[in-house]
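Participant: Once you've had a glance at the structure underneath, I'll fire off some questions.
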Amino acid sequence: MEKEVIILGYYRRERDGNEYIHYSLNGEEYLTIGVCEWNLRNRSDRIKELVKVEKIDTEKIKKNLIRFFPCSGITKYLQGE
């Protein structure tokens, strides 16, 4: 089954400047910083502490995803596969 990834937004946490990608993978919503990934089905409160922004350093997140989640759908999506 082909994995469909949709970027839902980019976020930043004000207290430490960490950046996140909010995305959907086959209808499930996730949040990733590159070294951790959260399924928002059970943790929708996680996004409440973040501020939506227009742009983040996706290259940094992509490098971390390649290292920590090489087979993830979001990793392959950001690599253009």
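Here's how to read the names in the structure tokens: chain A, B, ... by the order shown, residue numbers from 1 in each chain, ligand numbers from 1 in the order shown.
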When DSSP works through the backbone of this structure, what residues of chain A end up as helix (DSSP H, G or I), shown as a ChimeraX atom specification?
Facilitator: /A:44-49,58-68,73-78
Participant: Tell me, as a VMD selection string, which residues lie within 12 Å of Tyr77 (chain A), counting only C-alpha atoms; anything in the same chain fewer than 6 positions away does not count.
Facilitator: chain A and resid 2 to 7 23 to 25 58 62 65 to 66 70 to 71
Participant: Output all heavy atoms for every residue in the selection just made, as a short mmCIF file (atom, residue, chain, number, x, y, z; two decimals), in the first residue's frame.
Facilitator:
data_model
loop_
_atom_site.label_atom_id
_atom_site.label_comp_id
_atom_site.auth_asym_id
_atom_site.auth_seq_id
_atom_site.Cartn_x
_atom_site.Cartn_y
_atom_site.Cartn_z
N GLU A 2 0.61 2.16 -0.90
CA GLU A 2 1.35 3.42 -1.01
C GLU A 2 1.02 4.30 0.19
O GLU A 2 -0.13 4.46 0.56
CB GLU A 2 0.96 4.14 -2.30
CG GLU A 2 1.78 5.36 -2.59
CD GLU A 2 3.21 5.06 -2.96
OE1 GLU A 2 3.49 3.95 -3.44
OE2 GLU A 2 4.06 5.94 -2.77
N LYS A 3 2.05 4.87 0.80
CA LYS A 3 1.86 5.75 1.94
C LYS A 3 1.66 7.17 1.45
O LYS A 3 2.51 7.72 0.77
CB LYS A 3 3.05 5.67 2.89
CG LYS A 3 3.20 4.32 3.53
CD LYS A 3 4.35 4.28 4.48
CE LYS A 3 4.44 2.92 5.13
NZ LYS A 3 5.54 2.82 6.05
N GLU A 4 0.52 7.76 1.82
CA GLU A 4 0.22 9.13 1.42
C GLU A 4 0.55 10.08 2.55
O GLU A 4 -0.04 10.02 3.64
CB GLU A 4 -1.25 9.28 1.04
CG GLU A 4 -1.57 10.68 0.57
CD GLU A 4 -3.03 10.87 0.25
OE1 GLU A 4 -3.83 9.94 0.44
OE2 GLU A 4 -3.37 11.97 -0.19
N VAL A 5 1.51 10.97 2.31
CA VAL A 5 1.94 11.96 3.30
C VAL A 5 1.42 13.32 2.87
O VAL A 5 1.56 13.72 1.73
CB VAL A 5 3.48 12.00 3.41
CG1 VAL A 5 3.93 13.11 4.33
CG2 VAL A 5 4.02 10.66 3.88
N ILE A 6 0.83 14.03 3.84
CA ILE A 6 0.36 15.39 3.62
C ILE A 6 0.92 16.26 4.74
O ILE A 6 0.71 15.96 5.92
CB ILE A 6 -1.18 15.47 3.61
CG1 ILE A 6 -1.75 14.59 2.51
CG2 ILE A 6 -1.64 16.92 3.46
CD1 ILE A 6 -3.25 14.38 2.61
N ILE A 7 1.67 17.29 4.38
CA ILE A 7 2.18 18.23 5.38
C ILE A 7 1.03 19.13 5.81
O ILE A 7 0.42 19.82 5.00
CB ILE A 7 3.34 19.09 4.82
CG1 ILE A 7 4.48 18.20 4.33
CG2 ILE A 7 3.81 20.10 5.87
CD1 ILE A 7 5.20 17.43 5.38
N TYR A 23 2.10 16.40 10.23
CA TYR A 23 1.76 15.77 8.96
C TYR A 23 0.75 14.65 9.16
O TYR A 23 0.52 14.18 10.28
CB TYR A 23 3.02 15.24 8.25
CG TYR A 23 3.68 14.06 8.92
CD1 TYR A 23 3.41 12.77 8.49
CD2 TYR A 23 4.56 14.24 9.97
CE1 TYR A 23 4.02 11.68 9.10
CE2 TYR A 23 5.18 13.16 10.57
CZ TYR A 23 4.89 11.89 10.14
OH TYR A 23 5.49 10.81 10.75
N SER A 24 0.18 14.25 8.05
CA SER A 24 -0.77 13.14 8.03
C SER A 24 -0.16 12.03 7.19
O SER A 24 0.39 12.28 6.12
CB SER A 24 -2.09 13.61 7.41
OG SER A 24 -2.93 12.53 7.17
N LEU A 25 -0.25 10.81 7.69
CA LEU A 25 0.22 9.63 6.96
C LEU A 25 -0.93 8.64 6.92
O LEU A 25 -1.33 8.11 7.97
CB LEU A 25 1.43 9.02 7.65
CG LEU A 25 1.98 7.72 7.08
CD1 LEU A 25 2.50 7.95 5.66
CD2 LEU A 25 3.07 7.17 7.95
N THR A 58 13.68 22.57 7.50
CA THR A 58 13.30 21.19 7.18
C THR A 58 14.51 20.31 6.89
O THR A 58 14.45 19.10 7.08
CB THR A 58 12.32 21.13 5.99
OG1 THR A 58 12.88 21.82 4.88
CG2 THR A 58 10.97 21.72 6.35
N LYS A 62 15.03 16.71 8.34
CA LYS A 62 15.22 15.61 7.39
C LYS A 62 16.47 14.80 7.74
O LYS A 62 16.43 13.56 7.72
CB LYS A 62 15.31 16.15 5.97
CG LYS A 62 15.46 15.05 4.92
CD LYS A 62 15.28 15.57 3.51
CE LYS A 62 16.53 16.22 3.02
NZ LYS A 62 16.46 16.56 1.58
N LEU A 65 15.62 12.66 10.67
CA LEU A 65 14.72 11.58 10.27
C LEU A 65 15.46 10.47 9.55
O LEU A 65 15.20 9.29 9.78
CB LEU A 65 13.59 12.13 9.38
CG LEU A 65 12.50 12.91 10.10
CD1 LEU A 65 11.63 13.66 9.09
CD2 LEU A 65 11.65 12.00 10.96
N ILE A 66 16.38 10.83 8.67
CA ILE A 66 17.18 9.82 7.95
C ILE A 66 17.97 8.98 8.94
O ILE A 66 18.09 7.76 8.79
CB ILE A 66 18.10 10.50 6.91
CG1 ILE A 66 17.26 11.07 5.77
CG2 ILE A 66 19.15 9.53 6.39
CD1 ILE A 66 18.02 12.01 4.84
N PRO A 70 14.68 6.04 9.23
CA PRO A 70 14.97 5.95 7.79
C PRO A 70 13.85 5.34 6.95
O PRO A 70 13.76 5.63 5.76
CB PRO A 70 16.23 5.07 7.73
CG PRO A 70 16.21 4.29 9.00
CD PRO A 70 15.56 5.19 10.02
N CYS A 71 13.00 4.54 7.53
CA CYS A 71 11.93 3.89 6.76
C CYS A 71 10.58 4.55 6.93
O CYS A 71 9.58 4.08 6.41
CB CYS A 71 11.83 2.41 7.16
SG CYS A 71 13.34 1.51 6.79
#
Participant: Please report the interatomic distance between CA of Arg12 (chain A) and CA of Glu28 (chain A) in Å with one decimal.
Facilitator: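 Calculated distance between CA of Arg12 (chain A) and CA of Glu28 (chain A) is 20.9 Å.
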Participant: Could you please determine the separation between CA of Ile21 (chain A) and CA of Gly73 (chain A) in Å, to one decimal place?
Facilitator: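 If I compute the distance from CA of Ile21 (chain A) to CA of Gly73 (chain A), I get 12.9 Å.
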Participant: Name the closest residue to Ser44 (chain A) among the candidates A:Ile61, A:Leu8, A:Ile74, A:Leu31; distances are taken between atoms, counting only C-alpha atoms.
Facilitator: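 For Ser44 (chain A), the nearest of the candidates is A:Leu31.
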Participant: I'd like to know which of A:Val51, A:Glu29, A:Lys60, A:Thr75 is closest to Gly17 (chain A), using only C-alpha atoms.
Facilitator: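 Closest residue, counting only C-alpha atoms: A:Val51.
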Participant: A:Phe69, A:Gly9, A:Asp16, A:Gly27: which is nearest Arg41 (chain A), counting only C-alpha atoms?
Facilitator: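 Of the candidates, the smallest distance to Arg41 (chain A) is held by A:Gly27.
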Participant: In Å, rounded to a single decimal, give me how far CA of Asn64 (chain A) is from CA of Glu19 (chain A).
Facilitator: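 Here the two named atoms are 12.1 Å from each other.
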Participant: Which residue is closest to Phe68 (chain A)? Choose from A:Asn26, A:Tyr10, A:Lys48, A:Gly34 and count only C-alpha atoms.
Facilitator: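 Of the candidates, the smallest distance to Phe68 (chain A) is held by A:Gly34.
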Participant: Check the DSSP output for the backbone and give back, as a PyMOL selection string, the residues of chain A in strand (DSSP E).
Facilitator: chain A and resi 5-12+19-25+28-32+37-39+51-53
